[in-house]
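Visitor: Data file my_file_21.cif (mmCIF, C-alpha atoms and all ligand atoms; chains and numbers go by the auth columns) is appended below.
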data_structure
#
loop_
_atom_site.group_PDB
_atom_site.id
_atom_site.type_symbol
_atom_site.label_atom_id
_atom_site.label_comp_id
_atom_site.label_asym_id
_atom_site.label_seq_id
_atom_site.Cartn_x
_atom_site.Cartn_y
_atom_site.Cartn_z
_atom_site.B_iso_or_equiv
_atom_site.auth_seq_id
_atom_site.auth_asym_id
ATOM 1 C CA MET A 1 0.000 0.000 0.000 0.00 1094 Z
ATOM 2 C CA ALA A 2 1.564 3.284 -1.128 0.00 1095 Z
ATOM 3 C CA VAL A 3 -0.284 5.610 1.280 0.00 1096 Z
ATOM 4 C CA ASN A 4 -1.981 4.281 4.423 0.00 1097 Z
ATOM 5 C CA GLU A 5 -3.938 6.109 7.144 0.00 1098 Z
ATOM 6 C CA VAL A 6 -2.234 9.420 6.511 0.00 1099 Z
ATOM 7 C CA GLU A 7 -4.117 12.116 8.385 0.00 1100 Z
ATOM 8 C CA PHE A 8 -3.001 15.411 6.962 0.00 1101 Z
ATOM 9 C CA THR A 9 -4.274 18.972 7.133 0.00 1102 Z
ATOM 10 C CA ALA A 10 -3.049 22.227 5.648 0.00 1103 Z
ATOM 11 C CA ALA A 11 -4.415 25.537 6.953 0.00 1104 Z
ATOM 12 C CA GLU A 12 -5.143 28.430 4.622 0.00 1105 Z
ATOM 13 C CA GLY A 13 -1.997 30.424 3.847 0.00 1106 Z
ATOM 14 C CA GLU A 14 0.382 27.791 5.195 0.00 1107 Z
ATOM 15 C CA ILE A 15 3.396 26.240 3.522 0.00 1108 Z
ATOM 16 C CA VAL A 16 3.454 22.578 4.564 0.00 1109 Z
ATOM 17 C CA GLY A 17 6.521 20.538 3.686 0.00 1110 Z
ATOM 18 C CA LEU A 18 6.037 16.861 2.893 0.00 1111 Z
ATOM 19 C CA ILE A 19 9.247 14.850 3.219 0.00 1112 Z
ATOM 20 C CA GLY A 20 10.351 11.242 3.400 0.00 1113 Z
ATOM 21 C CA PRO A 21 12.644 8.747 1.649 0.00 1114 Z
ATOM 22 C CA ASN A 22 12.166 7.744 -2.003 0.00 1115 Z
ATOM 23 C CA GLY A 23 9.114 5.551 -2.330 0.00 1116 Z
ATOM 24 C CA ALA A 24 7.544 6.919 0.876 0.00 1117 Z
ATOM 25 C CA GLY A 25 4.305 7.777 -0.948 0.00 1118 Z
ATOM 26 C CA LYS A 26 4.686 11.567 -1.328 0.00 1119 Z
ATOM 27 C CA THR A 27 3.838 11.722 -5.033 0.00 1120 Z
ATOM 28 C CA THR A 28 1.043 9.186 -4.542 0.00 1121 Z
ATOM 29 C CA PHE A 29 -0.376 11.440 -1.831 0.00 1122 Z
ATOM 30 C CA PHE A 30 -0.402 14.343 -4.323 0.00 1123 Z
ATOM 31 C CA ASN A 31 -2.090 12.092 -6.879 0.00 1124 Z
ATOM 32 C CA LEU A 32 -4.808 11.283 -4.335 0.00 1125 Z
ATOM 33 C CA VAL A 33 -5.400 14.924 -3.394 0.00 1126 Z
ATOM 34 C CA SER A 34 -5.427 16.140 -7.001 0.00 1127 Z
ATOM 35 C CA GLY A 35 -7.618 13.251 -8.186 0.00 1128 Z
ATOM 36 C CA ALA A 36 -5.117 11.563 -10.504 0.00 1129 Z
ATOM 37 C CA LEU A 37 -5.574 8.417 -8.369 0.00 1130 Z
ATOM 38 C CA ARG A 38 -8.616 7.264 -6.394 0.00 1131 Z
ATOM 39 C CA VAL A 39 -8.416 6.396 -2.712 0.00 1132 Z
ATOM 40 C CA SER A 40 -9.519 2.920 -1.662 0.00 1133 Z
ATOM 41 C CA GLY A 41 -10.379 4.218 1.817 0.00 1134 Z
ATOM 42 C CA GLY A 42 -10.488 7.450 3.775 0.00 1135 Z
ATOM 43 C CA ARG A 43 -11.879 10.852 2.875 0.00 1136 Z
ATOM 44 C CA ILE A 44 -10.516 14.083 1.446 0.00 1137 Z
ATOM 45 C CA PHE A 45 -11.935 17.547 2.148 0.00 1138 Z
ATOM 46 C CA PHE A 46 -11.096 20.853 0.515 0.00 1139 Z
ATOM 47 C CA ARG A 47 -12.349 24.087 2.098 0.00 1140 Z
ATOM 48 C CA GLY A 48 -15.140 22.288 3.901 0.00 1141 Z
ATOM 49 C CA ARG A 49 -16.317 20.318 0.888 0.00 1142 Z
ATOM 50 C CA GLU A 50 -15.803 16.581 0.455 0.00 1143 Z
ATOM 51 C CA ILE A 51 -13.843 15.846 -2.744 0.00 1144 Z
ATOM 52 C CA THR A 52 -13.011 12.185 -2.108 0.00 1145 Z
ATOM 53 C CA HIS A 53 -14.783 11.065 -5.280 0.00 1146 Z
ATOM 54 C CA ALA A 54 -14.568 14.273 -7.327 0.00 1147 Z
ATOM 55 C CA PRO A 55 -12.858 13.921 -10.709 0.00 1148 Z
ATOM 56 C CA ALA A 56 -9.520 15.703 -11.208 0.00 1149 Z
ATOM 57 C CA TYR A 57 -11.012 18.466 -13.402 0.00 1150 Z
ATOM 58 C CA ARG A 58 -13.539 19.300 -10.683 0.00 1151 Z
ATOM 59 C CA ARG A 59 -10.759 19.578 -8.085 0.00 1152 Z
ATOM 60 C CA ALA A 60 -8.897 21.926 -10.444 0.00 1153 Z
ATOM 61 C CA GLU A 61 -12.069 24.024 -10.772 0.00 1154 Z
ATOM 62 C CA LEU A 62 -12.415 24.142 -6.991 0.00 1155 Z
ATOM 63 C CA GLY A 63 -8.857 25.484 -6.743 0.00 1156 Z
ATOM 64 C CA ILE A 64 -6.332 22.658 -6.458 0.00 1157 Z
ATOM 65 C CA GLY A 65 -3.304 23.024 -8.729 0.00 1158 Z
ATOM 66 C CA ARG A 66 -0.384 20.606 -8.883 0.00 1159 Z
ATOM 67 C CA THR A 67 2.941 20.144 -10.607 0.00 1160 Z
ATOM 68 C CA PHE A 68 4.336 16.808 -11.760 0.00 1161 Z
ATOM 69 C CA GLN A 69 7.638 15.489 -10.434 0.00 1162 Z
ATOM 70 C CA VAL A 70 8.252 13.984 -13.869 0.00 1163 Z
ATOM 71 C CA MET A 71 7.492 17.149 -15.821 0.00 1164 Z
ATOM 72 C CA LYS A 72 4.548 16.884 -18.160 0.00 1165 Z
ATOM 73 C CA PRO A 73 4.493 19.835 -20.560 0.00 1166 Z
ATOM 74 C CA PHE A 74 2.539 19.488 -23.819 0.00 1167 Z
ATOM 75 C CA PRO A 75 5.739 19.135 -25.865 0.00 1168 Z
ATOM 76 C CA ARG A 76 4.329 20.267 -29.196 0.00 1169 Z
ATOM 77 C CA LEU A 77 2.705 23.414 -27.786 0.00 1170 Z
ATOM 78 C CA THR A 78 4.557 26.645 -27.135 0.00 1171 Z
ATOM 79 C CA VAL A 79 5.339 27.755 -23.613 0.00 1172 Z
ATOM 80 C CA MET A 80 2.508 30.317 -23.837 0.00 1173 Z
ATOM 81 C CA GLU A 81 0.058 27.685 -25.121 0.00 1174 Z
ATOM 82 C CA ASN A 82 0.994 25.332 -22.274 0.00 1175 Z
ATOM 83 C CA VAL A 83 -0.056 27.993 -19.781 0.00 1176 Z
ATOM 84 C CA LEU A 84 -3.129 28.961 -21.831 0.00 1177 Z
ATOM 85 C CA VAL A 85 -4.573 25.464 -21.429 0.00 1178 Z
ATOM 86 C CA GLY A 86 -5.029 26.151 -17.714 0.00 1179 Z
ATOM 87 C CA ALA A 87 -5.791 29.863 -18.146 0.00 1180 Z
ATOM 88 C CA PHE A 88 -8.989 29.078 -20.095 0.00 1181 Z
ATOM 89 C CA LEU A 89 -10.479 27.599 -16.901 0.00 1182 Z
ATOM 90 C CA ARG A 90 -11.034 31.070 -15.397 0.00 1183 Z
ATOM 91 C CA HIS A 91 -10.863 33.157 -18.592 0.00 1184 Z
ATOM 92 C CA PRO A 92 -13.044 31.735 -21.366 0.00 1185 Z
ATOM 93 C CA SER A 93 -12.166 34.462 -23.892 0.00 1186 Z
ATOM 94 C CA ARG A 94 -8.876 33.933 -25.652 0.00 1187 Z
ATOM 95 C CA ARG A 95 -7.878 37.547 -25.178 0.00 1188 Z
ATOM 96 C CA ALA A 96 -8.362 37.473 -21.409 0.00 1189 Z
ATOM 97 C CA ALA A 97 -6.697 34.055 -21.138 0.00 1190 Z
ATOM 98 C CA GLU A 98 -3.662 35.322 -23.036 0.00 1191 Z
ATOM 99 C CA GLY A 99 -3.436 38.347 -20.769 0.00 1192 Z
ATOM 100 C CA TRP A 100 -3.519 36.154 -17.667 0.00 1193 Z
ATOM 101 C CA ALA A 101 -1.042 33.644 -19.127 0.00 1194 Z
ATOM 102 C CA ALA A 102 1.328 36.495 -20.030 0.00 1195 Z
ATOM 103 C CA GLU A 103 1.179 37.746 -16.434 0.00 1196 Z
ATOM 104 C CA ILE A 104 2.106 34.307 -15.140 0.00 1197 Z
ATOM 105 C CA LEU A 105 4.937 33.872 -17.632 0.00 1198 Z
ATOM 106 C CA GLU A 106 6.261 37.249 -16.514 0.00 1199 Z
ATOM 107 C CA MET A 107 6.083 36.252 -12.848 0.00 1200 Z
ATOM 108 C CA MET A 108 7.858 32.956 -13.606 0.00 1201 Z
ATOM 109 C CA GLY A 109 10.568 34.658 -15.681 0.00 1202 Z
ATOM 110 C CA LEU A 110 9.468 32.767 -18.796 0.00 1203 Z
ATOM 111 C CA SER A 111 8.224 35.691 -20.948 0.00 1204 Z
ATOM 112 C CA GLU A 112 11.152 35.548 -23.345 0.00 1205 Z
ATOM 113 C CA PHE A 113 10.350 31.889 -24.109 0.00 1206 Z
ATOM 114 C CA ALA A 114 6.607 32.415 -24.654 0.00 1207 Z
ATOM 115 C CA ALA A 115 6.783 31.531 -28.347 0.00 1208 Z
ATOM 116 C CA ALA A 116 9.320 28.702 -27.961 0.00 1209 Z
ATOM 117 C CA SER A 117 8.295 25.067 -27.981 0.00 1210 Z
ATOM 118 C CA ALA A 118 8.064 23.645 -24.448 0.00 1211 Z
ATOM 119 C CA ARG A 119 10.492 20.920 -25.392 0.00 1212 Z
ATOM 120 C CA ALA A 120 13.174 23.547 -26.099 0.00 1213 Z
ATOM 121 C CA LEU A 121 13.302 24.602 -22.440 0.00 1214 Z
ATOM 122 C CA THR A 122 16.093 23.555 -20.066 0.00 1215 Z
ATOM 123 C CA THR A 123 15.252 21.443 -17.001 0.00 1216 Z
ATOM 124 C CA ALA A 124 15.035 24.604 -14.897 0.00 1217 Z
ATOM 125 C CA GLY A 125 12.747 26.189 -17.476 0.00 1218 Z
ATOM 126 C CA ARG A 126 10.487 23.135 -17.636 0.00 1219 Z
ATOM 127 C CA LYS A 127 10.224 23.068 -13.843 0.00 1220 Z
ATOM 128 C CA ARG A 128 9.171 26.708 -13.876 0.00 1221 Z
ATOM 129 C CA LEU A 129 6.696 25.887 -16.644 0.00 1222 Z
ATOM 130 C CA GLU A 130 5.176 23.191 -14.390 0.00 1223 Z
ATOM 131 C CA ILE A 131 4.553 25.856 -11.743 0.00 1224 Z
ATOM 132 C CA ALA A 132 3.238 28.282 -14.378 0.00 1225 Z
ATOM 133 C CA ARG A 133 0.779 25.673 -15.714 0.00 1226 Z
ATOM 134 C CA ALA A 134 -0.544 25.062 -12.205 0.00 1227 Z
ATOM 135 C CA LEU A 135 -0.764 28.805 -11.434 0.00 1228 Z
ATOM 136 C CA ALA A 136 -2.790 29.321 -14.600 0.00 1229 Z
ATOM 137 C CA LEU A 137 -5.743 27.754 -12.733 0.00 1230 Z
ATOM 138 C CA ASN A 138 -5.416 30.494 -10.105 0.00 1231 Z
ATOM 139 C CA PRO A 139 -5.319 27.784 -7.421 0.00 1232 Z
ATOM 140 C CA THR A 140 -6.154 28.267 -3.742 0.00 1233 Z
ATOM 141 C CA LEU A 141 -3.993 25.247 -2.956 0.00 1234 Z
ATOM 142 C CA LEU A 142 -0.820 24.476 -4.865 0.00 1235 Z
ATOM 143 C CA LEU A 143 0.932 21.082 -4.661 0.00 1236 Z
ATOM 144 C CA LEU A 144 4.610 21.339 -5.621 0.00 1237 Z
ATOM 145 C CA ASP A 145 6.421 18.042 -6.264 0.00 1238 Z
ATOM 146 C CA GLU A 146 10.214 18.514 -6.193 0.00 1239 Z
ATOM 147 C CA VAL A 147 10.298 21.770 -8.151 0.00 1240 Z
ATOM 148 C CA VAL A 148 13.666 22.788 -6.654 0.00 1241 Z
ATOM 149 C CA ALA A 149 15.573 19.462 -6.844 0.00 1242 Z
ATOM 150 C CA GLY A 150 17.918 19.329 -9.834 0.00 1243 Z
ATOM 151 C CA LEU A 151 18.360 23.109 -10.131 0.00 1244 Z
ATOM 152 C CA ASN A 152 21.710 24.851 -9.700 0.00 1245 Z
ATOM 153 C CA PRO A 153 22.050 27.045 -6.576 0.00 1246 Z
ATOM 154 C CA VAL A 154 21.146 30.286 -8.389 0.00 1247 Z
ATOM 155 C CA GLU A 155 18.063 28.757 -10.055 0.00 1248 Z
ATOM 156 C CA ALA A 156 17.072 27.138 -6.755 0.00 1249 Z
ATOM 157 C CA GLU A 157 17.245 30.477 -4.930 0.00 1250 Z
ATOM 158 C CA GLY A 158 15.037 32.015 -7.636 0.00 1251 Z
ATOM 159 C CA THR A 159 12.414 29.279 -7.302 0.00 1252 Z
ATOM 160 C CA VAL A 160 12.430 29.541 -3.502 0.00 1253 Z
ATOM 161 C CA GLU A 161 11.783 33.285 -3.837 0.00 1254 Z
ATOM 162 C CA LEU A 162 8.927 32.563 -6.263 0.00 1255 Z
ATOM 163 C CA ILE A 163 7.330 30.074 -3.877 0.00 1256 Z
ATOM 164 C CA ARG A 164 7.400 32.748 -1.153 0.00 1257 Z
ATOM 165 C CA ARG A 165 5.752 35.242 -3.491 0.00 1258 Z
ATOM 166 C CA ILE A 166 3.036 32.751 -4.462 0.00 1259 Z
ATOM 167 C CA ARG A 167 2.259 32.175 -0.791 0.00 1260 Z
ATOM 168 C CA ASP A 168 2.315 35.903 -0.061 0.00 1261 Z
ATOM 169 C CA ARG A 169 -0.402 36.318 -2.712 0.00 1262 Z
ATOM 170 C CA GLY A 170 -2.589 34.076 -0.556 0.00 1263 Z
ATOM 171 C CA THR A 171 -2.050 30.602 -2.009 0.00 1264 Z
ATOM 172 C CA THR A 172 -1.702 27.648 0.368 0.00 1265 Z
ATOM 173 C CA ILE A 173 1.207 25.389 -0.565 0.00 1266 Z
ATOM 174 C CA ILE A 174 2.061 21.768 0.131 0.00 1267 Z
ATOM 175 C CA MET A 175 5.522 20.982 -1.162 0.00 1268 Z
ATOM 176 C CA VAL A 176 7.611 17.862 -1.508 0.00 1269 Z
ATOM 177 C CA GLU A 177 11.341 18.558 -1.544 0.00 1270 Z
ATOM 178 C CA HIS A 178 14.507 16.675 -0.633 0.00 1271 Z
ATOM 179 C CA ILE A 179 16.814 19.678 -0.239 0.00 1272 Z
ATOM 180 C CA MET A 180 16.745 20.196 3.526 0.00 1273 Z
ATOM 181 C CA ARG A 181 17.911 23.818 3.446 0.00 1274 Z
ATOM 182 C CA VAL A 182 14.980 24.637 1.161 0.00 1275 Z
ATOM 183 C CA ILE A 183 12.238 22.686 2.923 0.00 1276 Z
ATOM 184 C CA MET A 184 13.337 23.701 6.430 0.00 1277 Z
ATOM 185 C CA GLY A 185 13.600 27.343 5.379 0.00 1278 Z
ATOM 186 C CA LEU A 186 10.245 27.566 3.596 0.00 1279 Z
ATOM 187 C CA SER A 187 7.878 25.364 5.599 0.00 1280 Z
ATOM 188 C CA ASP A 188 5.689 26.531 8.458 0.00 1281 Z
ATOM 189 C CA ARG A 189 5.066 22.889 9.276 0.00 1282 Z
ATOM 190 C CA ILE A 190 6.510 19.582 8.066 0.00 1283 Z
ATOM 191 C CA VAL A 191 4.900 16.159 7.712 0.00 1284 Z
ATOM 192 C CA VAL A 192 7.145 13.106 7.369 0.00 1285 Z
ATOM 193 C CA LEU A 193 6.091 9.949 5.510 0.00 1286 Z
ATOM 194 C CA THR A 194 7.846 6.593 5.453 0.00 1287 Z
ATOM 195 C CA HIS A 195 6.455 3.467 3.792 0.00 1288 Z
ATOM 196 C CA GLY A 196 3.158 5.250 3.197 0.00 1289 Z
ATOM 197 C CA ARG A 197 2.637 6.221 6.820 0.00 1290 Z
ATOM 198 C CA LYS A 198 2.992 9.486 8.674 0.00 1291 Z
ATOM 199 C CA ILE A 199 5.759 9.133 11.253 0.00 1292 Z
ATOM 200 C CA ALA A 200 6.123 12.743 12.404 0.00 1293 Z
ATOM 201 C CA GLU A 201 4.700 16.210 12.091 0.00 1294 Z
ATOM 202 C CA GLY A 202 5.778 19.565 13.516 0.00 1295 Z
ATOM 203 C CA THR A 203 7.761 22.735 12.997 0.00 1296 Z
ATOM 204 C CA PRO A 204 11.048 22.367 11.073 0.00 1297 Z
ATOM 205 C CA PRO A 205 13.184 22.313 14.282 0.00 1298 Z
ATOM 206 C CA GLN A 206 10.849 19.754 15.920 0.00 1299 Z
ATOM 207 C CA VAL A 207 11.006 17.457 12.910 0.00 1300 Z
ATOM 208 C CA ALA A 208 14.770 17.874 12.428 0.00 1301 Z
ATOM 209 C CA SER A 209 15.439 16.732 15.991 0.00 1302 Z
ATOM 210 C CA ASN A 210 12.872 13.891 16.037 0.00 1303 Z
ATOM 211 C CA PRO A 211 14.761 10.559 16.515 0.00 1304 Z
ATOM 212 C CA ASP A 212 12.291 8.602 14.319 0.00 1305 Z
ATOM 213 C CA VAL A 213 12.828 11.072 11.478 0.00 1306 Z
ATOM 214 C CA ILE A 214 16.601 10.956 11.888 0.00 1307 Z
ATOM 215 C CA ASN A 215 16.493 7.146 11.767 0.00 1308 Z
ATOM 216 C CA ALA A 216 14.116 6.841 8.832 0.00 1309 Z
ATOM 217 C CA TYR A 217 15.225 9.737 6.692 0.00 1310 Z
ATOM 218 C CA LEU A 218 17.750 12.343 7.794 0.00 1311 Z
ATOM 219 C CA GLY A 219 20.515 10.069 9.076 0.00 1312 Z
ATOM 220 C CA THR A 220 22.857 10.826 11.943 0.00 1313 Z
ATOM 221 C CA HIS A 221 25.207 13.048 9.915 0.00 1314 Z
HETATM 222 N N1 LIG B . 1.643 3.644 -10.696 0.00 1401 C
HETATM 223 C C1 LIG B . 2.140 2.871 -9.723 0.00 1401 C
HETATM 224 N N2 LIG B . 1.852 1.567 -9.649 0.00 1401 C
HETATM 225 C C2 LIG B . 2.350 0.789 -8.663 0.00 1401 C
HETATM 226 N N3 LIG B . 3.150 1.235 -7.714 0.00 1401 C
HETATM 227 C C3 LIG B . 3.488 2.520 -7.726 0.00 1401 C
HETATM 228 C C4 LIG B . 3.009 3.430 -8.728 0.00 1401 C
HETATM 229 N N4 LIG B . 3.527 4.657 -8.484 0.00 1401 C
HETATM 230 C C5 LIG B . 4.276 4.539 -7.371 0.00 1401 C
HETATM 231 N N5 LIG B . 4.253 3.264 -6.914 0.00 1401 C
HETATM 232 C C6 LIG B . 4.911 2.753 -5.717 0.00 1401 C
HETATM 233 O O1 LIG B . 4.293 3.398 -4.620 0.00 1401 C
HETATM 234 C C7 LIG B . 5.248 3.716 -3.635 0.00 1401 C
HETATM 235 C C8 LIG B . 5.224 5.222 -3.381 0.00 1401 C
HETATM 236 O O2 LIG B . 5.739 5.881 -4.535 0.00 1401 C
HETATM 237 P P1 LIG B . 5.761 7.448 -4.650 0.00 1401 C
HETATM 238 O O3 LIG B . 4.452 7.989 -4.181 0.00 1401 C
HETATM 239 O O4 LIG B . 6.202 7.777 -6.021 0.00 1401 C
HETATM 240 O O5 LIG B . 6.890 7.812 -3.589 0.00 1401 C
HETATM 241 P P2 LIG B . 7.724 9.162 -3.358 0.00 1401 C
HETATM 242 O O6 LIG B . 7.111 10.257 -4.184 0.00 1401 C
HETATM 243 O O7 LIG B . 7.624 9.412 -1.889 0.00 1401 C
HETATM 244 O O8 LIG B . 9.131 8.858 -3.763 0.00 1401 C
HETATM 245 C C9 LIG B . 6.590 3.200 -4.147 0.00 1401 C
HETATM 246 O O9 LIG B . 6.784 1.929 -3.572 0.00 1401 C
HETATM 247 C C10 LIG B . 6.376 3.127 -5.643 0.00 1401 C
HETATM 248 O O10 LIG B . 7.199 2.152 -6.200 0.00 1401 C
HETATM 249 MG MG MG B . 7.899 11.452 -5.660 0.00 1402 C
#
Mind converting the file's structure to structure tokens?

Guide:
Amino acid sequence: MAVNEVEFTAAEGEIVGLIGPNGAGKTTFFNLVSGALRVSGGRIFFRGREITHAPAYRRAELGIGRTFQVMKPFPRLTVMENVLVGAFLRHPSRRAAEGWAAEILEMMGLSEFAAASARALTTAGRKRLEIARALALNPTLLLLDEVVAGLNPVEAEGTVELIRRIRDRGTTIIMVEHIMRVIMGLSDRIVVLTHGRKIAEGTPPQVASNPDVINAYLGTH
């Protein structure tokens, strides 16, 4: 079982870090919350409404945006068109959708690549495009799956700054990340999964000093 009896809450405006070893069930958890996978037990609520059986498009409408750890741009569309796909959810006219998409590309530092094919982007660019595609839905809750891992230090610092700005605009964020400096610095609260179960939860200092977490994930060094 990939995720089992994980009780998890995120409060409005919070950044919650979700950490744990490879295979712990972090991405599966995101798939359950976003509706890419169905739960076989348990219930999921979003802003007071039960969404356990809601299809993924309905969850997107309600305000849940997510990125994919294995980036999933539409490779034959341009960078602008990739963002437009989500922008049409809130802006049915093409003109308004393009305006909104352009704003997001600007915020993500992708404006100069708007007309380029998504497949022409570097890894860092494609990771930013993942965030841009999710932001196009104007989400209330954003699920970020390893959007910093694999970036060089300068790119990583830029993405960390962006995540702060997204939260400051009022978006709640749950993020999976392995880079401790990043997750400890950004998170208000951290939840730790191992083998599909929650083994700890608390502030970054509480989690970093928890013996179970050190054993299962952080290591003694
Ligand atoms: N589509 C799938 N079918 C079967 N098993 C899967 C699938 N996706 C992930 N798993 C398994 O579920 C467990 C949790 O995986 P995952 O959620 O990707 O972990 P994490 O994101 O924490 O590294 C792992 O044992 C993984 O091999
Ligand atoms: Mg994962």

Visitor: Could you list, as a list of chain:residue names, all the residues within 7 Å of ligand LIG 1401 (chain C), counting only C-alpha atoms and all ligand atoms?

Guide: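 Here is the list of contacting residues: Z:Ala1095, Z:Gly1113, Z:Pro1114, Z:Asn1115, Z:Gly1116, Z:Ala1117, Z:Gly1118, Z:Lys1119, Z:Thr1120, Z:Thr1121, Z:Phe1122, Z:Gly1289.
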
Visitor: Hey, which of Z:Glu1100, Z:Glu1239, Z:Glu1254, Z:Glu1143 ends up closest to ligand MG 1402 (chain C)? Count all atoms listed in the file.

Guide: Z:Glu1239

Visitor: Can you translate the PyMOL selection byres (((chain Z and resi 1297) around 12) and not hetatm) into the concrete residues it hits in this file, as a PyMOL selection string?

Guide: chain Z and resi 1108-1112+1273-1285+1293-1296+1298-1303+1306

Visitor: Identify, on the basis of only C-alpha atoms, every residue whose closest approach to Z:Leu1177 does not exceed 9 Å; exclude the query and any residue fewer than 2 positions from it along the same chain; express the result as a PyMOL selection string.

Guide: chain Z and resi 1172-1175+1179-1182+1187+1190-1191+1193-1195+1226+1229

Visitor: Grab the atom CA of Z:Asp1261 to atom CA of Z:Ile1157 distance for me, in Å with one decimal place.

Guide: 17.1 Å

Visitor: Quick check on the file I pasted: which residues fall under the PyMOL selection byres (((chain Z and resi 1244-1250) around 10) and not hetatm)? Write them as a list in words.

Guide: Thr1216, Ala1217, Gly1218, Lys1220, Arg1221, Val1240, Val1241, Ala1242, Gly1243, Gly1251, Thr1252, Val1253, Glu1254, Leu1255, Ile1256, Ile1272 and Val1275 of chain Z
